[in-house]
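A.B. asks: Have a look at the structure that comes next, please.
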Amino acid sequence: MHDPATPAQPGHRTSAWTLIAAAVAVPAIAFAYVGGWLAPHRLTPAKVIDQFQHNAGTFAGYRRNHAKGVCVTGHFDSNGQAQAYSIAQVFAPGQRTPVVGRFAIPGSNPYAPDSSVPIRSMALRFALANGQQWRTGMNSMPVFPVATPQAFYAQLQAQQPDPATGKPDPAKIAAFFAAHPETAAFRAWAKTARPSASFATESYWSLNAFAFVDAAGRRQPVRWRMVPEANDAGSAANAPGDANYLAADLTERLARGPQRWQLQVTLANPGDPTNDATKTWPDDRRTIDAGTLVLERSESQASGPCRDINYDPLVLPAGIEASDDPLLPARSAAYADSYLRRTSEEAHLPGTAAPMREASR
Amino acid sequence: MNATPDRFTPAARALHWLMAVMIVAMLFIGVGMVATVSARHEWLLAIHKPLGIAILLLAVVRLAVRLRHPPPPLPADLPVLQKLAALASHWLLYFLMLAMPLIGWAMLSAGGYPVMLGESLRLPPIFPTSPVAFAVLRHLHGTFAMLLFLTFLAHMAAALYHGLIRRDGVLASMLPAPPTPADDSDQA
Ligand code: HEM
Ligand code: HEM
Ligand code: HEM
């Protein structure tokens with residue numbers, strides 16, 4: 001039995017109750033602060049994803065960015081040359097690793113015409129034999145416009161359509177660029193870039209830096225890029241006026257045979273920036289050819305195997321690690337929120353946007 | 001060593017306080033990591049997963065300890081409703097400390113993620129990949145976390161109420177035995 005009760009005296013009681021109230025209030029307030037509810041200025045993944053939706057609308061079931069895309073499957077054949085720098089099993093000599101990938105164009109509207117942007121993207125999930133995975137999302141440009149999630153968010157805000165015109169306000173975009181000179185390299189690239197007629201003829205850059213880790217635990221900062229074998233200008237499938245020529249072109253090419261890319265890994269010299277995706281590394285940096293990506297089949301993203309994959313760039317195997325690039329954790333956190341929203345819509349959970357597969361634009 | 005009439009066994013007390021710290025930390029880590037796009041998201045998640053699995057393992061041990069050594073009875077003069085509330089909230093806490101890590105593990109499995117606890121330590125999936133299951137489990141993980149936090153607050157307030165207002169020995173039953181020779185409770 002417990003001790004017989006000896007209740008506190010009335011005077012003590014008030015202070016005891018105060019103590020109990022404080023003991024509850026302090027952790028409750030701390031919890032609310034840490035959870036962001038009392039810190040409205042903190043940039044959260046939800047805010048970033050909300051901004052995508054403000055800009056383009058909500059397309060239930062679709063990715064909140066790079067919404068229009070197509071699934072591909074194939075494999076990666078390693079030639080062993082990256083093994084000296086990374087213990088990842090995917091780089092073992094002669095190793096073949098199955099790949100589920102996705103080609104896409106940036107933007108939140110799954111009905112946008114393929115010619116609306118000059119950028120294409122390639123996302124890959126390597127399923128290593130040891131059960132680990134390597135996921136990567138790459139874009140067809142050598143530099144990213146911004147270096148931080150805060151700047152990315154500011155850019156999205158500047159691009160939000162003006163309710164009066166239905167178009168982004170050019171003054172706001174100009175003000176954003178003026179305040180963000182780091183966008184200059186990207187803008188110079190964008191001036192000459194043309195929307196390609198094919199996914200198969202593009203190079204895709206990791207943009208963010210990562211680190212390869214060798215058997216001795218040494219970290220080598222790297223960036224990688226997929227360089228296409230196909231280099232023809234276009235294809236017959238590119239009928240004028242067709243808004244969806246990229247998927248058609250891909251199907252046609254794959255019907256003729258597998259499409260290939262070389263995985264080129266660039267090794268940074270000491271001092272090369274690893275935390276700034278707006279800056280390229282000098283051309284003379286050592287580049288190794290790690291192997292060949294072979295893509296064999298494409299499928300619609302509505303039913304293909306890439307639909308339910310979150311190409312989170314921080315799903316990495318032993319032997320590949322994140323760098324100090326601040327875009328990487330932001331991507332990981334934002335993609336998780338986008339993934340939760342679109343899977344919740346697929347599950348028809350209450351409170352989620354109604355499915356609108358055939359929706360308006 | 002068994003629970004004496006007025007104190008939990010040393011094992012039960014050690015597990016209680018160790019896990020109290022771990023679980024409260026997990027709740028803060030969890031809400032903190034999903035509310036930021038900074039590098040905190042990454043390193044908090046890297047702590048969250050192994051710490052959560054450690055809680056699962058300890059919870060299994062703790063449940064075994066609990067079933068072998070019944071706790072000291074509550075004061076006889078405690079109103080029935082309060083006794084019921086104590087019983088219900090304790091089992092709710094046991095349920096949640098087992099359910100939370102299992103849901104975390106299952107939701108990553110359903111989402112098709114490799115369940116990595118470190119560089120190369122990987123747990124097998126415990127649920128088939130399914131976007132619908134992922135979404136349901138992920139929301140459950142968040143909702144149960146809030147329920148766990150509220151239950152913890154009520155539980156802590158109740159423990160302090162026993163210790164400071166009723167002064168009935170319930171709080172002491174979870175504290176280290178006082179070293180006074182007059183106290184014979186730990187002489188088993
Ligand atoms: C802070 C900066 C960024 C944010 C907030 C962001 C946001 C997003 C979001 C929300 C998605 C949809 C994810 C999903 O639902 O599965 C996405 C997809 C994608 N992003 Fe980013 N992104 C950022 C930077 C980058 C960078 C630097 C790259 C460059 C390499 C990139 C490449 C991609 C690719 C390739 C996809 C498509 C993945 C797929 O096909 O499923 N993103 N992005
Ligand atoms: C006692 C155990 C656990 C507690 C108390 C806990 C608590 C939490 C909390 C409070 C959140 C934020 C929920 C929200 O606001 O939506 C969260 C998210 C999460 N938890 Fe746990 N968790 C536990 C165990 C685990 C385990 C064992 C795993 C995986 C192995 C896990 C994986 C995750 C993941 C992946 C997220 C979401 C991260 C994101 O979306 O960015 N949790 N957890
Ligand atoms: C500062 C925080 C805490 C205090 C002051 C506290 C205090 C206590 C006390 C005095 C008891 C004994 C009740 C009795 O005699 O029946 C107890 C039991 C218990 N506590 Fe806590 N506790 C705290 C935090 C936690 C946390 C975070 C958890 C888990 C999530 C937890 C889970 C439990 C459980 C499950 C029991 C029941 C033990 C049993 O009957 O087997 N406690 N706690």
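Ordered as shown in the structure tokens, chains take letters A, B, and onward, while each chain numbers its residues from 1 and ligands are numbered from 1 in the order shown.
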Between chain A and chain B, at 8 Å or less, what are the per-residue closest atom pairs and their distances in Å? Count only C-alpha atoms, order by chain and rising residue number, and return it as a Markdown table.

C.D. replies:
```
| residue | atom | partner | partner_atom | distance |
| --- | --- | --- | --- | --- |
| A:Met1 | CA | B:Pro5 | CA | 5.2 |
| A:His2 | CA | B:Asp6 | CA | 5.0 |
| A:Asp3 | CA | B:Gly169 | CA | 5.5 |
| A:Pro4 | CA | B:Asp168 | CA | 6.2 |
| A:Ala5 | CA | B:Asp168 | CA | 4.4 |
| A:Thr6 | CA | B:Arg167 | CA | 5.7 |
| A:Pro7 | CA | B:Arg166 | CA | 4.6 |
| A:Ala8 | CA | B:Ile165 | CA | 5.3 |
| A:Arg13 | CA | B:Ile165 | CA | 6.2 |
| A:Ala16 | CA | B:Leu164 | CA | 5.9 |
| A:Trp17 | CA | B:Ile165 | CA | 7.8 |
| A:Ile20 | CA | B:Ala157 | CA | 5.9 |
| A:Ala21 | CA | B:Ala157 | CA | 7.7 |
| A:Ala23 | CA | B:Ala157 | CA | 7.3 |
| A:Val24 | CA | B:Leu153 | CA | 5.9 |
| A:Ala28 | CA | B:Leu153 | CA | 8.0 |
| A:Phe31 | CA | B:Phe28 | CA | 6.3 |
| A:Val34 | CA | B:Gly32 | CA | 5.0 |
| A:Gly35 | CA | B:Val31 | CA | 4.7 |
| A:Gly36 | CA | B:Ala35 | CA | 5.8 |
| A:Arg42 | CA | B:Thr36 | CA | 7.1 |
| A:Leu43 | CA | B:Thr36 | CA | 6.2 |
| A:Thr44 | CA | B:Thr36 | CA | 4.6 |
| A:Pro45 | CA | B:Val37 | CA | 5.8 |
| A:Ala46 | CA | B:Ala35 | CA | 7.8 |
| A:Gly131 | CA | B:Pro114 | CA | 7.2 |
| A:Gln132 | CA | B:Pro114 | CA | 6.2 |
| A:Gln133 | CA | B:Pro114 | CA | 6.6 |
| A:Pro149 | CA | B:Val37 | CA | 7.3 |
| A:Asp308 | CA | B:Pro131 | CA | 6.2 |
| A:Ile309 | CA | B:Gly112 | CA | 7.0 |
| A:Val315 | CA | B:Tyr113 | CA | 8.0 |
| A:Pro317 | CA | B:Ser120 | CA | 7.0 |
| A:Ala318 | CA | B:Glu119 | CA | 5.2 |
| A:Pro326 | CA | B:Ala39 | CA | 6.7 |
| A:Pro329 | CA | B:Ala39 | CA | 5.3 |
| A:Ala330 | CA | B:Val37 | CA | 4.2 |
| A:Arg331 | CA | B:Val37 | CA | 7.7 |
| A:Ala333 | CA | B:Val37 | CA | 5.8 |
| A:Ala334 | CA | B:Val37 | CA | 7.2 |
| A:Leu340 | CA | B:Ala135 | CA | 6.1 |
| A:Thr343 | CA | B:Pro131 | CA | 5.4 |
| A:Ser344 | CA | B:Ala135 | CA | 5.0 |
| A:Glu346 | CA | B:Val132 | CA | 6.6 |
| A:Ala347 | CA | B:Val132 | CA | 4.6 |
| A:Leu349 | CA | B:Val136 | CA | 7.8 |
```

A.B. asks: From chain B, collect each residue whose DSSP state is alpha helix (DSSP H) and return the set as a ChimeraX atom specification.

C.D. replies: /B:10-33,40-68,80-110,131-160

A.B. asks: Could you tell me which of B:Ala88, B:Leu15, B:Ile47, B:Ala20 comes closest to ligand 3 if we count only C-alpha atoms and all ligand atoms?

C.D. replies: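 Nearest to ligand 3: B:Ala20.
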
A.B. asks: 6 Å from ligand 1 is the threshold here; counting only C-alpha atoms and all ligand atoms, which polymer residues fall inside it? Answer as a PyMOL selection string.

C.D. replies: chain A and resi 63-66+102-104+121-123+137-139+144+149+152+206-207+310-311+327+330-331+334-335+338-339

A.B. asks: Mind writing the picked residues with N, CA, C and O atoms as a CSV table (one decimal), in the first residue's frame?

C.D. replies:
```
chain,number,residue,atom,x,y,z
A,63,ARG,N,2.4,15.2,-58.7
A,63,ARG,CA,3.5,15.9,-58.0
A,63,ARG,C,3.3,17.4,-58.0
A,63,ARG,O,2.8,17.9,-59.0
A,64,ARG,N,3.7,18.0,-56.9
A,64,ARG,CA,3.5,19.5,-56.8
A,64,ARG,C,4.5,20.3,-57.7
A,64,ARG,O,4.4,21.5,-57.9
A,65,ASN,N,5.5,19.6,-58.2
A,65,ASN,CA,6.4,20.2,-59.2
A,65,ASN,C,6.8,19.1,-60.1
A,65,ASN,O,6.8,17.9,-59.7
A,66,HIS,N,7.3,19.4,-61.3
A,66,HIS,CA,7.6,18.4,-62.3
A,66,HIS,C,6.4,17.4,-62.4
A,66,HIS,O,6.5,16.2,-62.4
A,102,ARG,N,12.0,8.4,-64.2
A,102,ARG,CA,10.9,9.2,-64.6
A,102,ARG,C,11.5,10.5,-65.4
A,102,ARG,O,12.3,11.1,-64.8
A,103,PHE,N,11.0,10.7,-66.6
A,103,PHE,CA,11.3,11.9,-67.3
A,103,PHE,C,10.1,12.9,-67.0
A,103,PHE,O,9.0,12.5,-66.9
A,104,ALA,N,10.5,14.2,-66.9
A,104,ALA,CA,9.4,15.2,-66.6
A,104,ALA,C,9.8,16.5,-67.1
A,104,ALA,O,11.0,16.8,-67.5
A,121,SER,N,13.7,16.9,-67.1
A,121,SER,CA,14.3,16.3,-66.0
A,121,SER,C,14.3,14.8,-66.1
A,121,SER,O,13.4,14.2,-66.7
A,122,MET,N,15.3,14.2,-65.4
A,122,MET,CA,15.4,12.7,-65.3
A,122,MET,C,15.5,12.4,-63.8
A,122,MET,O,16.4,12.9,-63.1
A,123,ALA,N,14.6,11.5,-63.3
A,123,ALA,CA,14.7,11.0,-62.0
A,123,ALA,C,15.0,9.5,-62.0
A,123,ALA,O,14.4,8.9,-62.8
A,137,GLY,N,17.4,13.1,-58.6
A,137,GLY,CA,16.6,13.9,-59.6
A,137,GLY,C,17.5,14.9,-60.2
A,137,GLY,O,18.2,15.6,-59.5
A,138,MET,N,17.5,14.9,-61.6
A,138,MET,CA,18.5,15.7,-62.3
A,138,MET,C,17.7,16.6,-63.3
A,138,MET,O,16.7,16.2,-63.8
A,139,ASN,N,18.3,17.8,-63.6
A,139,ASN,CA,17.7,18.7,-64.5
A,139,ASN,C,18.6,18.9,-65.7
A,139,ASN,O,19.8,18.8,-65.6
A,144,PHE,N,21.7,25.8,-61.3
A,144,PHE,CA,20.4,26.1,-60.8
A,144,PHE,C,20.2,27.6,-60.6
A,144,PHE,O,21.2,28.3,-60.3
A,149,PRO,N,17.0,27.5,-50.1
A,149,PRO,CA,15.6,27.3,-50.1
A,149,PRO,C,14.8,28.7,-49.9
A,149,PRO,O,13.8,28.8,-50.5
A,152,PHE,N,14.7,30.2,-53.3
A,152,PHE,CA,13.8,29.4,-54.1
A,152,PHE,C,12.3,29.8,-53.8
A,152,PHE,O,11.5,30.0,-54.7
A,206,SER,N,23.1,16.7,-61.8
A,206,SER,CA,22.7,16.6,-60.4
A,206,SER,C,22.6,17.9,-59.8
A,206,SER,O,21.9,18.1,-58.8
A,207,LEU,N,23.3,18.9,-60.3
A,207,LEU,CA,23.4,20.3,-59.8
A,207,LEU,C,23.9,20.4,-58.4
A,207,LEU,O,24.9,21.0,-58.1
A,310,ASN,N,8.9,8.6,-54.5
A,310,ASN,CA,9.3,10.0,-54.1
A,310,ASN,C,10.8,10.0,-54.4
A,310,ASN,O,11.6,9.4,-53.7
A,311,TYR,N,11.2,10.8,-55.5
A,311,TYR,CA,12.6,10.8,-55.9
A,311,TYR,C,13.3,11.8,-55.0
A,311,TYR,O,13.9,12.8,-55.4
A,327,LEU,N,20.2,23.2,-50.5
A,327,LEU,CA,19.0,22.8,-51.2
A,327,LEU,C,18.7,21.4,-51.0
A,327,LEU,O,17.5,21.0,-51.1
A,330,ALA,N,16.3,20.8,-48.1
A,330,ALA,CA,15.0,21.4,-48.4
A,330,ALA,C,14.2,20.6,-49.4
A,330,ALA,O,13.0,20.4,-49.3
A,331,ARG,N,15.0,20.0,-50.4
A,331,ARG,CA,14.3,19.2,-51.4
A,331,ARG,C,13.7,18.0,-50.7
A,331,ARG,O,12.6,17.6,-50.9
A,334,ALA,N,10.6,19.0,-48.7
A,334,ALA,CA,9.5,19.5,-49.5
A,334,ALA,C,9.0,18.3,-50.3
A,334,ALA,O,7.7,18.2,-50.5
A,335,TYR,N,9.8,17.4,-50.9
A,335,TYR,CA,9.3,16.3,-51.6
A,335,TYR,C,8.5,15.4,-50.8
A,335,TYR,O,7.5,14.8,-51.2
A,338,SER,N,5.1,16.9,-50.6
A,338,SER,CA,4.4,16.8,-51.8
A,338,SER,C,3.9,15.3,-52.0
A,338,SER,O,2.8,15.1,-52.4
A,339,TYR,N,4.8,14.4,-51.6
A,339,TYR,CA,4.5,13.0,-51.7
A,339,TYR,C,3.3,12.6,-50.8
A,339,TYR,O,2.4,11.9,-51.2
```

A.B. asks: For the structure I just gave you, how does DSSP split range 72-159 of chain A - specifically, which residues are strand (DSSP E or B)? Reply as a VMD selection string.

C.D. replies: chain A and resid 72 to 78 96 to 105 121 to 127 133 to 139

A.B. asks: Put those residues in a file: C-alpha atoms, as an mmCIF file, in the first residue's frame.

C.D. replies:
```cif
data_model
loop_
_atom_site.group_PDB
_atom_site.id
_atom_site.type_symbol
_atom_site.label_atom_id
_atom_site.label_comp_id
_atom_site.auth_asym_id
_atom_site.auth_seq_id
_atom_site.Cartn_x
_atom_site.Cartn_y
_atom_site.Cartn_z
ATOM 1 C CA VAL A 72 10.735 4.510 -67.614
ATOM 2 C CA THR A 73 12.457 1.270 -66.623
ATOM 3 C CA GLY A 74 15.830 -0.255 -67.370
ATOM 4 C CA HIS A 75 19.141 -0.822 -65.640
ATOM 5 C CA PHE A 76 22.551 0.603 -64.914
ATOM 6 C CA ASP A 77 25.720 -1.263 -65.891
ATOM 7 C CA SER A 78 28.708 -0.243 -63.777
ATOM 8 C CA ARG A 96 23.948 -4.489 -63.092
ATOM 9 C CA THR A 97 21.364 -2.546 -61.041
ATOM 10 C CA PRO A 98 17.663 -2.295 -61.946
ATOM 11 C CA VAL A 99 16.343 1.242 -62.407
ATOM 12 C CA VAL A 100 12.862 2.771 -62.273
ATOM 13 C CA GLY A 101 12.969 6.311 -63.601
ATOM 14 C CA ARG A 102 10.867 9.244 -64.631
ATOM 15 C CA PHE A 103 11.272 11.930 -67.264
ATOM 16 C CA ALA A 104 9.394 15.158 -66.636
ATOM 17 C CA ILE A 105 9.192 18.873 -67.279
ATOM 18 C CA SER A 121 14.290 16.308 -65.958
ATOM 19 C CA MET A 122 15.374 12.748 -65.291
ATOM 20 C CA ALA A 123 14.739 11.038 -61.952
ATOM 21 C CA LEU A 124 16.155 7.600 -61.163
ATOM 22 C CA ARG A 125 15.765 5.018 -58.449
ATOM 23 C CA PHE A 126 18.536 2.421 -58.384
ATOM 24 C CA ALA A 127 17.509 -0.680 -56.399
ATOM 25 C CA GLN A 133 18.628 2.486 -52.764
ATOM 26 C CA TRP A 134 20.010 5.448 -54.600
ATOM 27 C CA ARG A 135 17.500 8.052 -55.738
ATOM 28 C CA THR A 136 18.434 11.086 -57.767
ATOM 29 C CA GLY A 137 16.565 13.850 -59.586
ATOM 30 C CA MET A 138 18.475 15.725 -62.283
ATOM 31 C CA ASN A 139 17.684 18.684 -64.527
#
```

A.B. asks: Name the residues in contact with range 290-300 of chain A at a cut-off of 8 Å, using only C-alpha atoms, excluding same-chain residues fewer than 3 positions from it; report them as JSON, numbers by chain.

C.D. replies: {"A": [70, 71, 72, 73, 74, 75, 76, 77, 78, 79, 80, 81, 82, 91, 250, 251, 254, 257, 258, 259, 260, 261, 262, 263, 264, 265, 303, 304]}

A.B. asks: Might you pull out every residue within 12 Å of Ala99 in chain B, with only C-alpha atoms counted and same-chain residues fewer than 6 positions away left off, and present them as a list in words?

C.D. replies: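 The residues that qualify are Gly52, Ile53, Ile55, Leu56, Leu57, Ala59, Val60, Trp91, Leu92, Leu93, Trp105, Ala106, Met107, Leu137, Leu140, His141, Gly142, Thr143, Phe144, Ala145, Leu147 and Leu148 of chain B.
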
A.B. asks: Next, the residues of the selection above should be written as a short mmCIF file (atom, residue, chain, number, x, y, z; two decimals), in the first residue's frame with N, CA and C atoms.

C.D. replies:
```
data_model
loop_
_atom_site.label_atom_id
_atom_site.label_comp_id
_atom_site.auth_asym_id
_atom_site.auth_seq_id
_atom_site.Cartn_x
_atom_site.Cartn_y
_atom_site.Cartn_z
N GLY B 52 13.72 5.75 -32.51
CA GLY B 52 12.36 5.19 -32.48
C GLY B 52 12.39 3.67 -32.40
N ILE B 53 13.30 3.04 -33.14
CA ILE B 53 13.39 1.58 -33.09
C ILE B 53 13.92 1.13 -31.72
N ILE B 55 13.26 2.61 -28.96
CA ILE B 55 12.09 2.70 -28.08
C ILE B 55 11.21 1.45 -28.23
N LEU B 56 11.07 1.00 -29.48
CA LEU B 56 10.27 -0.20 -29.73
C LEU B 56 10.85 -1.40 -28.96
N LEU B 57 12.16 -1.58 -29.05
CA LEU B 57 12.80 -2.71 -28.37
C LEU B 57 12.64 -2.59 -26.85
N ALA B 59 10.35 -0.98 -25.27
CA ALA B 59 8.94 -1.11 -24.90
C ALA B 59 8.56 -2.58 -24.76
N VAL B 60 9.13 -3.42 -25.61
CA VAL B 60 8.85 -4.86 -25.52
C VAL B 60 9.40 -5.40 -24.19
N TRP B 91 -2.27 2.24 -19.92
CA TRP B 91 -2.31 1.30 -21.05
C TRP B 91 -2.27 2.03 -22.37
N LEU B 92 -2.85 3.23 -22.40
CA LEU B 92 -2.76 4.03 -23.63
C LEU B 92 -1.30 4.37 -23.91
N LEU B 93 -0.56 4.73 -22.84
CA LEU B 93 0.87 5.05 -23.03
C LEU B 93 1.64 3.82 -23.51
N TRP B 105 7.82 2.56 -38.95
CA TRP B 105 8.49 1.52 -39.74
C TRP B 105 7.59 1.06 -40.89
N ALA B 106 6.30 0.82 -40.55
CA ALA B 106 5.36 0.33 -41.58
C ALA B 106 5.12 1.38 -42.65
N MET B 107 5.08 2.67 -42.26
CA MET B 107 4.76 3.70 -43.27
C MET B 107 5.92 3.86 -44.25
N LEU B 137 -1.03 5.58 -42.90
CA LEU B 137 -0.10 5.37 -41.79
C LEU B 137 0.64 6.66 -41.43
N LEU B 140 -1.64 8.71 -39.44
CA LEU B 140 -1.79 8.07 -38.14
C LEU B 140 -0.58 8.37 -37.25
N HIS B 141 0.62 8.35 -37.86
CA HIS B 141 1.86 8.64 -37.13
C HIS B 141 1.78 10.05 -36.52
N GLY B 142 1.26 11.00 -37.28
CA GLY B 142 1.14 12.37 -36.79
C GLY B 142 0.05 12.51 -35.73
N THR B 143 -1.11 11.87 -35.97
CA THR B 143 -2.23 11.99 -35.04
C THR B 143 -1.91 11.30 -33.71
N PHE B 144 -1.35 10.09 -33.79
CA PHE B 144 -1.00 9.38 -32.56
C PHE B 144 0.10 10.12 -31.80
N ALA B 145 0.98 10.82 -32.52
CA ALA B 145 2.02 11.59 -31.84
C ALA B 145 1.38 12.69 -31.00
N LEU B 147 -1.67 12.68 -29.80
CA LEU B 147 -2.36 12.00 -28.71
C LEU B 147 -1.36 11.61 -27.62
N LEU B 148 -0.20 11.13 -28.04
CA LEU B 148 0.84 10.73 -27.08
C LEU B 148 1.32 11.94 -26.28
#
```
